[in-house]
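Structure record follows, encoded as structure tokens.
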Amino acid sequence: MNTPSSESAQGYVSDPRNDAVRVYVNGTYVARAEARVSIFDSGFVLGDGVWEGLRLVRGHIISLEAHLDRLYEGARSIALDIGITRAGMTEAIEATLSRNAMTDSVHIRLMVTRGVKTTPNQDPRFVVGGATVVIVAEYKTPKPELRERGLALFTSTFRTSPPDVFDLRLNSHSRLNLIQALIQAINAGADEALMLDPHGFVASCNSTNFFIVRNGELWTSTGRYNFKGITQANVLAAWRADGRLAQERDFTLAEVYAADEAFVTGTLGGVTPITRVDGRTIGDGRPGPLTASASALYWDTVQRLASSFGGSAERDDTAVKN
């Protein structure tokens, strides 16, 4: 089974157990190799749907309610009837984990589309039946080398979009502009793309939220023109709860180049250091101490939550970070 290279923020350690996972498809469980959706499905036809990525740590799904909030709010905003209550969706996720005997170091992809159409077009009135719901749970441990060396970013010419053009806070299957940005970064020899907003301020990376460290403070974007990450919010909350300063603000590439440290956050990869941007070394070119602190503070929060739900969350800095 092929896995992404270590140059990806979404890179993970190959795990042979994933070959045998059972996938939830509209209430049934099928072998990974046999999981199918119709070529007339709205998601396949035009990316019409919403999704969430979740992380299971020591028997506890991190920020499950926040993820469900975003999923159901996104579905309502595009008039998509998921057809399953929040409680029912929670049961489906937990049943998928139970079916695969999973308790730790698992990434869950929850995907919902508008459903099957009578013909491939963009008009939702051609949908027949209900929504398509797929849950894929896989063993994924972030590659430790990513945290050891950090990632290199390239600033893409593709901008993030305002909400009146395409609201990136809607966790939609449509991600073509972000994919284009990543391809541009890869072709430039970088690992991931850094993206600016329509006004030229730093917005996010193509699949993760971006932070810089300046004079002991964390800076991240306002979120007006990019996805609002749940892990991003949790890192900010953990940092502030420790009495440290963090700002959600506009900042420029020049301020990035002069930053003391930089990192990205995401459900799978956690707090991943950034050591180069556009060929420029950030700080001393190594993952910094405040990046490590942000990661540790977040993990401590996850540990407490897992313990409160009955998990024995021993610290595992290589397996889980964000």
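Labeling convention for the structure tokens: chains A, B, ... as they appear, residues from 1 per chain, ligands from 1 in order of appearance.
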Exercise. Step one, run DSSP on the backbone; step two, keep only residues of range 194-282 of chain A assigned to strand (DSSP E); then write them as JSON, numbers by chain.
Key: {"A": [194, 195, 196, 202, 203, 204, 205, 209, 210, 211, 212, 213, 214, 217, 218, 219, 220, 246, 247, 248, 261, 262, 263, 264, 265, 272, 273, 274, 275, 276, 277, 280, 281]}
Practice problem: Find the spatial neighbours of range 223-237 of chain A, counting only C-alpha atoms, within a cut-off of 9 Å - ignore same-chain residues fewer than 5 positions away - and output them as a ChimeraX atom specification. | Solution: /A:63,66-67,160-163,167-171,196-198,203-204,207-211,218,242,246-249,264-267,270-271,294-295,297-298,301,322
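Comparing the minimum interatomic distances between Ser221 in chain A and each of A:Ala238, A:Val106, A:Val202, A:Leu54, counting only C-alpha atoms, we find that A:Val202 sits nearest.
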Practice problem: List every residue of range 92-260 of chain A that DSSP, applied to the backbone of this structure, assigns to alpha helix (DSSP H), and report them as JSON, numbers by chain. | Solution: {"A": [92, 93, 94, 95, 96, 97, 98, 99, 144, 145, 146, 147, 148, 149, 176, 177, 178, 179, 180, 181, 182, 183, 184, 185, 186, 187, 230, 231, 232, 233, 234, 235, 236, 237, 238, 239, 240, 241, 253, 254, 255, 256, 257]}
Could you pull the residues within 12 Å of Glu217 in chain A, counting only C-alpha atoms, minus those fewer than 2 positions along the same chain, as a CSV table (one decimal) with C-alpha atoms, in the first residue's frame?
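File selection32.csv, as written:
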chain,number,residue,atom,x,y,z
A,211,PHE,CA,1.5,30.2,13.1
A,212,ILE,CA,4.6,32.3,13.7
A,213,VAL,CA,6.4,33.0,17.0
A,214,ARG,CA,7.6,36.6,17.5
A,215,ASN,CA,9.0,37.8,20.8
A,219,TRP,CA,0.5,34.9,15.8
A,220,THR,CA,-2.0,33.3,13.5
A,236,LEU,CA,-4.6,28.9,21.1
A,239,TRP,CA,-1.4,28.6,25.1
A,240,ARG,CA,-3.5,31.3,26.6
A,243,GLY,CA,-0.8,32.7,30.7
A,244,ARG,CA,1.0,33.3,27.4
A,245,LEU,CA,0.1,35.8,24.7
A,246,ALA,CA,-1.4,34.9,21.3
A,247,GLN,CA,-2.9,37.0,18.6
A,248,GLU,CA,-5.2,36.3,15.7
A,249,ARG,CA,-4.2,39.2,13.4
A,259,ALA,CA,9.9,35.3,12.8
A,260,ASP,CA,11.7,33.5,15.6
A,261,GLU,CA,9.8,30.3,14.9
A,262,ALA,CA,7.0,29.0,12.8
A,290,LEU,CA,8.3,27.6,21.8
A,291,THR,CA,7.0,25.4,19.0
A,293,SER,CA,6.0,24.3,24.2
A,294,ALA,CA,2.9,24.8,22.1
Quiz item: Interatomic distance between CA of Leu64 in chain A and CA of Gln303 in chain A?
Solution: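 These atoms are spaced 14.9 Å apart.
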Practice problem: Can you work out which one of A:Ser172, A:Asn26, A:Asn100, A:Thr252 has the shortest atom-to-atom distance to Gly74 in chain A, counting only C-alpha atoms? | Solution: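 Among the listed residues, A:Ser172 lies closest to Gly74 in chain A.
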Exercise. Determine the nearest neighbour of Val133 in chain A from the options A:Thr28, A:Gln184, A:Asn206, A:Thr272, counting only C-alpha atoms.
Key: A:Thr28
Quiz item: How far is it from CA of Met111 in chain A to CA of Val134 in chain A, in Å with one decimal?
Solution: 5.1 Å
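Of the listed residues (A:Thr132, A:Thr275, A:Ser98, A:Thr119), A:Thr275 comes nearest to Glu192 in chain A; the distances count only C-alpha atoms.
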Self-check item: Computed interatomic separation between CA of Gly283 in chain A and CA of Leu194 in chain A (Å)
Solution: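 So the answer is 17.4 Å.
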Practice problem: Point out the residue among A:Ile93, A:Asp48, A:Gly11, A:Val23 with the least atom-to-atom distance to Arg36 in chain A, counting only C-alpha atoms. | Solution: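 Closest residue, counting only C-alpha atoms: A:Val23.
The environment of Gly189 in chain A within 9 Å, counting only C-alpha atoms and disregarding residues fewer than 4 places along the same chain, consists of Ala152, Leu153, Phe154, Gln184 and Ala185 of chain A.
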